[in-house]
Structures are given as structure tokens and as C-alpha cells.
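Working notes, beginning with the structure itself.
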Amino acid sequence: MDGDDFEMRVREGEALAALVGDAGVDERLLHLLLDPWDTYVTFCTALALLARRDDRGVELVVRAAVLARDFNTGQWLFDAFGEVSAASLGAEDPFLRRGLGALTNSDDESLRLKAMEIRDWLGL
């Protein structure tokens with residue numbers, strides 16, 4: 001699949017978000033979150049994972065933010081968190097607080113630090 005198929009990759013990310021937990025699915029979702037051709041795929045896949053409103057979706061998006069090698073991709077991942085937070089109309093969203101909070105206790109230092117950075121950026 002190449003960069004010309006961005007709409008197909010968006011649909012794939014949205015569909016796979018419901019299947020989180022299988023190693024192959026999670027690996028493919030990470031690839032879509034770090035899409036090298038189009039950050040729209042990154043953003044839509046992150047939104048689909050965060051729409052699950054669970055710790056596993058939060059963890060995959062944070063893990064992608066750790067692995068992002070360019071500022072633009074990382075910014076779109078952060079923006080997905082901001083979009084979900086803003087959609088709650090200023091009310092604290094407990095799933096974000098819980099999911100990011102759990103990751104701040106991770107044994108994986110890079111995951112822990114990125115979760116803290118996102119939590120602080122959101123003001124949680």
C-alpha cells in the first residue's frame with residue numbers, strides 16, 4: 001500500500017480500532033498511526049482509538065507518539081488527544097485521566113514520560 005491510498009488506510013485504521021488487543025492488529029495500528037505518507041491517516045486512526053474510551057486505545061496512541069520520528073506526526077497525535085478532550089466541552093474526561101495516569105506508572109520510561117507530557121499538555 002502506498003501514499004495514494006490514504007482514504008483506504010483511514011478506513012482500515014477506523015475498522016481495526018475495534019479489534020485492539022491482537023498483536024498483529026496492534027502492530028498494524030501503530031504503522032497507521034505513524035503513516036509515512038499522510039498525517040490525516042495518523043489523526044483519524046488516533047481519533048478512532050481514542051473513541052474506544054479505554055486504556056488500550058490511549059496506550060497505542062501514546063506509544064505511537066513515543067515512536068514518532070518527526071514533529072508533524074507527533075503533533076497530529078497530540079492534536080487527537082486535544083480534539084477528544086475538547087469534545088467533552090471542558091469537562092474532564094475520566095478515561096483520558098485514567099489511561100494516561102496508568103501509563104505514568106509504566107516500567108517503560110519513554111512511555112511513562114510521553115504520557116506525562118500529554119497529560120500535562122491537556123492540563124489533566
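Identifiers for the C-alpha cells are assigned positionally: chains receive A, B, ... in sequence, residues are indexed from 1 per chain, and ligands are indexed from 1 in the order shown.
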
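By chain and then residue number, the residues within 12 Å of A:Met8 are Met1, Asp2, Glu14, Ala15, Leu32, Asp38, Tyr40, Val41, Cys44 and Thr45 of chain A, counting only C-alpha atoms and disregarding those fewer than 6 positions away in sequence.
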
Please produce a file of those selected residues containing N, CA and C atoms, as a PDB file, in the first residue's frame.
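Writing done, so here's result12.pdb:
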```
ATOM      1  N   MET A   1       0.853  -1.176   0.000  1.00  0.00           N
ATOM      2  CA  MET A   1       0.000   0.000   0.000  1.00  0.00           C
ATOM      3  C   MET A   1       0.898   1.237   0.000  1.00  0.00           C
ATOM      4  N   ASP A   2       0.567   2.185  -0.825  1.00  0.00           N
ATOM      5  CA  ASP A   2       1.405   3.373  -0.878  1.00  0.00           C
ATOM      6  C   ASP A   2       0.618   4.615  -0.492  1.00  0.00           C
ATOM      7  N   GLU A  14      -9.784   2.989  11.170  1.00  0.00           N
ATOM      8  CA  GLU A  14     -11.058   3.103  11.894  1.00  0.00           C
ATOM      9  C   GLU A  14     -11.658   1.726  12.173  1.00  0.00           C
ATOM     10  N   ALA A  15     -11.555   0.812  11.216  1.00  0.00           N
ATOM     11  CA  ALA A  15     -12.101  -0.535  11.405  1.00  0.00           C
ATOM     12  C   ALA A  15     -11.265  -1.341  12.399  1.00  0.00           C
ATOM     13  N   LEU A  32      -0.203   2.488  11.031  1.00  0.00           N
ATOM     14  CA  LEU A  32      -1.127   3.509  10.530  1.00  0.00           C
ATOM     15  C   LEU A  32      -1.006   4.809  11.321  1.00  0.00           C
ATOM     16  N   ASP A  38       0.829  10.331   4.974  1.00  0.00           N
ATOM     17  CA  ASP A  38      -0.265  11.278   5.183  1.00  0.00           C
ATOM     18  C   ASP A  38      -0.661  11.333   6.658  1.00  0.00           C
ATOM     19  N   TYR A  40      -3.162  12.698   7.851  1.00  0.00           N
ATOM     20  CA  TYR A  40      -4.608  12.525   8.010  1.00  0.00           C
ATOM     21  C   TYR A  40      -4.907  11.103   8.479  1.00  0.00           C
ATOM     22  N   VAL A  41      -4.155  10.139   7.979  1.00  0.00           N
ATOM     23  CA  VAL A  41      -4.288   8.748   8.425  1.00  0.00           C
ATOM     24  C   VAL A  41      -3.914   8.660   9.900  1.00  0.00           C
ATOM     25  N   CYS A  44      -6.834  10.386  12.011  1.00  0.00           N
ATOM     26  CA  CYS A  44      -8.094   9.623  12.030  1.00  0.00           C
ATOM     27  C   CYS A  44      -7.947   8.309  12.781  1.00  0.00           C
ATOM     28  N   THR A  45      -6.809   7.648  12.634  1.00  0.00           N
ATOM     29  CA  THR A  45      -6.587   6.398  13.366  1.00  0.00           C
ATOM     30  C   THR A  45      -6.506   6.677  14.859  1.00  0.00           C
TER      31      THR A  45
END
```

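Distances here use only C-alpha atoms; by that measure, the residue among A:Asp79, A:Ser106, A:Leu30, A:Trp37 closest to A:Glu7 is A:Trp37.
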
Sorted per-residue table, stretch 2-93 of chain A near stretch 113-124 of chain A, closest atoms and distance, 7 Å, only C-alpha atoms, as CSV:
```
residue,atom,partner,partner_atom,distance
A:Val62,CA,A:Ala115,CA,6.3
A:Val66,CA,A:Lys114,CA,6.3
A:Phe78,CA,A:Ile118,CA,6.9
A:Gly82,CA,A:Leu122,CA,6.7
```

Contact residues around A:Ala102 with only C-alpha atoms at 10 Å, ignoring same-chain residues under 4 positions, as a list in words:
Asp55, Val58, Glu59, Leu96, Arg97, Arg98, Ser106, Arg112 and Ala115 of chain A

Pick from A:Trp76, A:Phe81, A:Phe71, A:Phe95: nearest to A:Asp54, with only C-alpha atoms counted?
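Closest candidate: A:Phe95.
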
In terms of the shortest atom-to-atom distance over only C-alpha atoms, which of A:Asp35, A:Asp5, A:Glu12, A:Asp22 is closest to A:Leu67?
A:Asp35

So which residues of stretch 27-120 of chain A fall under alpha helix (DSSP H) by DSSP, listed as JSON, numbers by chain?
{"A": [27, 28, 29, 30, 31, 32, 33, 39, 40, 41, 42, 43, 44, 45, 46, 47, 48, 49, 50, 55, 56, 57, 58, 59, 60, 61, 62, 63, 64, 65, 66, 67, 71, 72, 73, 74, 75, 76, 77, 78, 79, 80, 81, 82, 83, 84, 85, 86, 87, 94, 95, 96, 97, 98, 99, 100, 101, 102, 103, 109, 110, 111, 112, 113, 114, 115, 116, 117, 118, 119, 120]}
